[in-house]
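Participant: The following file, query.cif, comprises mmCIF, N, CA and C atoms:
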data_target
#
loop_
_atom_site.label_atom_id
_atom_site.label_comp_id
_atom_site.auth_asym_id
_atom_site.auth_seq_id
_atom_site.Cartn_x
_atom_site.Cartn_y
_atom_site.Cartn_z
N MET A 1 35.29 -100.34 -28.01
CA MET A 1 34.48 -101.09 -27.08
C MET A 1 35.26 -101.40 -25.79
N ILE A 2 36.52 -101.75 -25.91
CA ILE A 2 37.29 -102.11 -24.73
C ILE A 2 37.52 -100.92 -23.81
N TRP A 3 37.61 -99.71 -24.38
CA TRP A 3 37.81 -98.53 -23.55
C TRP A 3 36.61 -98.26 -22.66
N TRP A 4 35.43 -98.52 -23.17
CA TRP A 4 34.23 -98.31 -22.36
C TRP A 4 34.16 -99.30 -21.20
N GLN A 5 34.61 -100.51 -21.42
CA GLN A 5 34.63 -101.50 -20.34
C GLN A 5 35.65 -101.11 -19.28
N ILE A 6 36.82 -100.66 -19.69
CA ILE A 6 37.84 -100.23 -18.73
C ILE A 6 37.34 -99.03 -17.93
N LEU A 7 36.75 -98.07 -18.60
CA LEU A 7 36.21 -96.90 -17.90
C LEU A 7 35.08 -97.30 -16.95
N GLY A 8 34.25 -98.21 -17.34
CA GLY A 8 33.17 -98.69 -16.48
C GLY A 8 33.70 -99.39 -15.24
N GLU A 9 34.72 -100.23 -15.42
CA GLU A 9 35.31 -100.91 -14.27
C GLU A 9 36.01 -99.94 -13.34
N MET A 10 36.68 -98.95 -13.91
CA MET A 10 37.34 -97.94 -13.08
C MET A 10 36.33 -97.13 -12.28
N ALA A 11 35.21 -96.79 -12.90
CA ALA A 11 34.17 -96.04 -12.20
C ALA A 11 33.57 -96.89 -11.08
N LEU A 12 33.33 -98.16 -11.35
CA LEU A 12 32.77 -99.05 -10.34
C LEU A 12 33.72 -99.20 -9.16
N LEU A 13 35.00 -99.44 -9.45
CA LEU A 13 35.98 -99.58 -8.38
C LEU A 13 36.15 -98.28 -7.60
N SER A 14 36.07 -97.15 -8.27
CA SER A 14 36.15 -95.86 -7.58
C SER A 14 34.97 -95.68 -6.63
N LEU A 15 33.77 -96.01 -7.09
CA LEU A 15 32.60 -95.90 -6.23
C LEU A 15 32.69 -96.83 -5.02
N LEU A 16 33.18 -98.04 -5.25
CA LEU A 16 33.35 -98.97 -4.13
C LEU A 16 34.39 -98.44 -3.14
N GLY A 17 35.46 -97.85 -3.63
CA GLY A 17 36.48 -97.28 -2.75
C GLY A 17 35.96 -96.13 -1.92
N VAL A 18 35.19 -95.26 -2.53
CA VAL A 18 34.61 -94.13 -1.81
C VAL A 18 33.62 -94.63 -0.76
N GLY A 19 32.81 -95.60 -1.12
CA GLY A 19 31.87 -96.17 -0.16
C GLY A 19 32.58 -96.82 1.02
N TYR A 20 33.66 -97.54 0.75
CA TYR A 20 34.43 -98.17 1.82
C TYR A 20 35.07 -97.13 2.72
N TYR A 21 35.54 -96.02 2.15
CA TYR A 21 36.14 -94.95 2.94
C TYR A 21 35.12 -94.40 3.94
N PHE A 22 33.93 -94.08 3.49
CA PHE A 22 32.92 -93.53 4.39
C PHE A 22 32.44 -94.55 5.41
N PHE A 23 32.40 -95.82 5.03
CA PHE A 23 32.04 -96.88 5.98
C PHE A 23 33.07 -96.96 7.10
N GLN A 24 34.36 -96.96 6.76
CA GLN A 24 35.41 -97.04 7.77
C GLN A 24 35.45 -95.77 8.62
N LYS A 25 35.20 -94.63 8.03
CA LYS A 25 35.18 -93.38 8.77
C LYS A 25 34.09 -93.40 9.83
N LYS A 26 32.92 -93.91 9.47
CA LYS A 26 31.82 -94.01 10.41
C LYS A 26 32.16 -94.96 11.56
N ARG A 27 32.77 -96.10 11.23
CA ARG A 27 33.19 -97.05 12.27
C ARG A 27 34.21 -96.44 13.20
N TYR A 28 35.20 -95.72 12.65
CA TYR A 28 36.25 -95.12 13.46
C TYR A 28 35.70 -94.04 14.39
N LEU A 29 34.80 -93.21 13.89
CA LEU A 29 34.21 -92.18 14.74
C LEU A 29 33.37 -92.79 15.85
N ARG A 30 32.68 -93.87 15.56
CA ARG A 30 31.91 -94.56 16.60
C ARG A 30 32.84 -95.15 17.66
N TRP A 31 33.98 -95.71 17.22
CA TRP A 31 34.95 -96.27 18.14
C TRP A 31 35.55 -95.19 19.03
N LEU A 32 35.86 -94.02 18.46
CA LEU A 32 36.41 -92.93 19.26
C LEU A 32 35.41 -92.47 20.32
N LYS A 33 34.15 -92.51 19.99
CA LYS A 33 33.12 -92.11 20.94
C LYS A 33 33.01 -93.11 22.09
N GLU A 34 33.17 -94.39 21.81
CA GLU A 34 32.99 -95.43 22.82
C GLU A 34 34.28 -95.79 23.55
N GLU A 35 35.44 -95.34 23.07
CA GLU A 35 36.71 -95.75 23.66
C GLU A 35 36.85 -95.41 25.15
N PRO A 36 36.54 -94.19 25.61
CA PRO A 36 36.71 -93.91 27.03
C PRO A 36 35.87 -94.82 27.92
N GLN A 37 34.68 -95.18 27.47
CA GLN A 37 33.84 -96.08 28.25
C GLN A 37 34.47 -97.46 28.38
N VAL A 38 35.08 -97.94 27.30
CA VAL A 38 35.70 -99.27 27.31
C VAL A 38 36.91 -99.28 28.24
N VAL A 39 37.74 -98.25 28.16
CA VAL A 39 38.92 -98.18 29.02
C VAL A 39 38.51 -98.06 30.48
N ALA A 40 37.52 -97.24 30.77
CA ALA A 40 37.06 -97.07 32.15
C ALA A 40 36.48 -98.38 32.69
N LYS A 41 35.76 -99.10 31.85
CA LYS A 41 35.19 -100.38 32.29
C LYS A 41 36.28 -101.39 32.59
N ASP A 42 37.30 -101.47 31.73
CA ASP A 42 38.41 -102.39 31.96
C ASP A 42 39.16 -102.03 33.24
N LEU A 43 39.43 -100.75 33.45
CA LEU A 43 40.12 -100.31 34.66
C LEU A 43 39.30 -100.60 35.90
N PHE A 44 38.01 -100.36 35.84
CA PHE A 44 37.12 -100.63 36.97
C PHE A 44 37.12 -102.11 37.32
N LEU A 45 36.99 -102.96 36.31
CA LEU A 45 36.99 -104.40 36.56
C LEU A 45 38.32 -104.89 37.10
N TYR A 46 39.42 -104.35 36.59
CA TYR A 46 40.75 -104.74 37.06
C TYR A 46 40.95 -104.35 38.52
N LEU A 47 40.59 -103.13 38.87
CA LEU A 47 40.78 -102.68 40.25
C LEU A 47 39.88 -103.42 41.22
N ASN A 48 38.72 -103.84 40.78
CA ASN A 48 37.84 -104.62 41.65
C ASN A 48 38.35 -106.03 41.87
N ASP A 49 38.99 -106.62 40.88
CA ASP A 49 39.42 -108.01 40.97
C ASP A 49 40.84 -108.19 41.50
N GLU A 50 41.65 -107.14 41.48
CA GLU A 50 43.05 -107.27 41.88
C GLU A 50 43.15 -107.45 43.39
N LYS A 51 43.90 -108.47 43.82
CA LYS A 51 44.03 -108.79 45.24
C LYS A 51 45.24 -108.11 45.88
N ASN A 52 46.25 -107.72 45.10
CA ASN A 52 47.48 -107.17 45.66
C ASN A 52 47.40 -105.68 45.95
N ILE A 53 46.33 -105.01 45.59
CA ILE A 53 46.19 -103.58 45.86
C ILE A 53 45.53 -103.42 47.23
N PRO A 54 46.21 -102.76 48.16
CA PRO A 54 45.60 -102.58 49.49
C PRO A 54 44.44 -101.60 49.43
N ASP A 55 43.46 -101.84 50.27
CA ASP A 55 42.30 -100.94 50.33
C ASP A 55 42.72 -99.61 50.92
N SER A 56 42.22 -98.54 50.33
CA SER A 56 42.54 -97.20 50.82
C SER A 56 41.41 -96.27 50.44
N ASN A 57 41.46 -95.07 51.00
CA ASN A 57 40.44 -94.07 50.66
C ASN A 57 40.57 -93.63 49.21
N GLU A 58 41.81 -93.56 48.70
CA GLU A 58 42.03 -93.16 47.32
C GLU A 58 41.44 -94.18 46.35
N LEU A 59 41.62 -95.47 46.67
CA LEU A 59 41.05 -96.52 45.81
C LEU A 59 39.53 -96.46 45.83
N ALA A 60 38.96 -96.28 46.99
CA ALA A 60 37.51 -96.20 47.09
C ALA A 60 36.97 -95.01 46.30
N ALA A 61 37.65 -93.86 46.42
CA ALA A 61 37.21 -92.67 45.67
C ALA A 61 37.34 -92.90 44.17
N LEU A 62 38.42 -93.57 43.75
CA LEU A 62 38.61 -93.85 42.33
C LEU A 62 37.54 -94.80 41.80
N LEU A 63 37.22 -95.84 42.55
CA LEU A 63 36.20 -96.79 42.11
C LEU A 63 34.82 -96.12 42.03
N ILE A 64 34.53 -95.26 42.98
CA ILE A 64 33.24 -94.57 42.95
C ILE A 64 33.16 -93.63 41.75
N SER A 65 34.25 -92.90 41.49
CA SER A 65 34.21 -91.97 40.36
C SER A 65 34.21 -92.71 39.02
N LEU A 66 34.89 -93.87 38.93
CA LEU A 66 34.83 -94.67 37.71
C LEU A 66 33.42 -95.21 37.49
N GLU A 67 32.78 -95.63 38.56
CA GLU A 67 31.41 -96.12 38.44
C GLU A 67 30.47 -95.00 38.00
N ASP A 68 30.68 -93.80 38.54
CA ASP A 68 29.87 -92.65 38.12
C ASP A 68 30.09 -92.35 36.64
N PHE A 69 31.33 -92.45 36.19
CA PHE A 69 31.62 -92.20 34.78
C PHE A 69 30.96 -93.25 33.89
N LEU A 70 31.00 -94.50 34.32
CA LEU A 70 30.39 -95.57 33.52
C LEU A 70 28.87 -95.46 33.49
N GLU A 71 28.29 -95.01 34.58
CA GLU A 71 26.83 -94.86 34.63
C GLU A 71 26.38 -93.52 34.06
N GLN A 72 27.33 -92.73 33.54
CA GLN A 72 27.09 -91.44 32.91
C GLN A 72 26.48 -90.42 33.87
N ARG A 73 26.84 -90.54 35.14
CA ARG A 73 26.49 -89.51 36.10
C ARG A 73 27.57 -88.44 36.16
N ARG A 74 28.66 -88.73 35.47
CA ARG A 74 29.81 -87.82 35.40
C ARG A 74 30.23 -87.72 33.94
N ASP A 75 30.55 -86.52 33.48
CA ASP A 75 30.85 -86.31 32.07
C ASP A 75 32.32 -86.52 31.71
N SER A 76 33.21 -86.33 32.66
CA SER A 76 34.63 -86.38 32.33
C SER A 76 35.34 -87.48 33.11
N TRP A 77 36.55 -87.79 32.64
CA TRP A 77 37.37 -88.80 33.30
C TRP A 77 37.70 -88.37 34.73
N PRO A 78 37.81 -89.31 35.65
CA PRO A 78 38.18 -88.96 37.03
C PRO A 78 39.70 -88.77 37.17
N MET A 79 40.23 -87.71 36.57
CA MET A 79 41.67 -87.48 36.56
C MET A 79 42.22 -87.16 37.95
N GLN A 80 41.49 -86.41 38.75
CA GLN A 80 41.98 -86.06 40.08
C GLN A 80 42.10 -87.31 40.95
N GLU A 81 41.16 -88.21 40.85
CA GLU A 81 41.20 -89.44 41.64
C GLU A 81 42.33 -90.35 41.16
N LEU A 82 42.54 -90.38 39.84
CA LEU A 82 43.63 -91.20 39.31
C LEU A 82 44.98 -90.68 39.77
N GLU A 83 45.16 -89.36 39.78
CA GLU A 83 46.42 -88.77 40.23
C GLU A 83 46.62 -89.01 41.73
N ALA A 84 45.56 -88.94 42.51
CA ALA A 84 45.67 -89.18 43.96
C ALA A 84 45.97 -90.64 44.25
N PHE A 85 45.47 -91.53 43.42
CA PHE A 85 45.71 -92.97 43.62
C PHE A 85 47.13 -93.32 43.25
#
Please render this file's structure as structure tokens.

Facilitator:
Amino acid sequence: MIWWQILGEMALLSLLGVGYYFFQKKRYLRWLKEEPQVVAKDLFLYLNDEKNIPDSNELAALLISLEDFLEQRRDSWPMQELEAF
């Protein structure tokens, strides 16, 4: 009788572990999908609020391209503008 209880508990714990694995995998994949948007938003807000950065054409181009990326008018990161800045 005790062996059946041990096997039942092991099966239950195994099922819970597998369920938790797939739950975390789904959360992680969702986070990877949203990560570039979060970083771009933080960078955009920082550059808009920072007072010590002088205004320039490079900054304006970077802010415009970051806004385009956040509004999904652009598919990729504005790497050329970041390098120019």

Participant: Find, counting all atoms listed in the file, the residue in A:Phe69, A:Gln5, A:Asp49, A:Ile64 that gets nearest to Pro36 in chain A.

Facilitator: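 The shortest atom-to-atom distance to Pro36 in chain A comes from A:Phe69.
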
Participant: Mind giving me the straight-line distance from CA of Leu62 in chain A to CA of Ala40 in chain A in Å, one decimal?

Facilitator: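 Between CA of Leu62 in chain A and CA of Ala40 in chain A the gap is 10.8 Å.
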
Participant: Quick one: distance from CA of Lys41 in chain A to CA of Leu70 in chain A in Å, one decimal?

Facilitator: 6.9 Å

Participant: Could you check the closest approach to Ser65 in chain A for each of A:Lys25, A:Asp42, A:Glu81, A:Leu12 and tell me which residue wins, using all atoms listed in the file?

Facilitator: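 Selected residue with least distance to Ser65 in chain A: A:Glu81.
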
Participant: Write out as a list in words each polymer residue whose atoms come within 12 Å of Asp68 in chain A, counting only C-alpha atoms; drop sequence neighbours fewer than 5 positions from it.

Facilitator: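 In the requested format, the answer is Gln37, Ala40, Lys41, Phe44, Ala61, Leu62, Leu63, Arg73, Arg74, Asp75, Ser76, Trp77 and Pro78 of chain A.
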
Participant: In chain A, what's helix (DSSP H, G or I) per DSSP? Answer as a PyMOL selection string?

Facilitator: chain A and resi 2-49+57-70+79-84

Participant: Just give me the gap between CA of Ile2 in chain A and atom C of Leu15 in chain A in Å, one decimal is fine.

Facilitator: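 About the pair CA of Ile2 in chain A and atom C of Leu15 in chain A: they are 20.9 Å apart.
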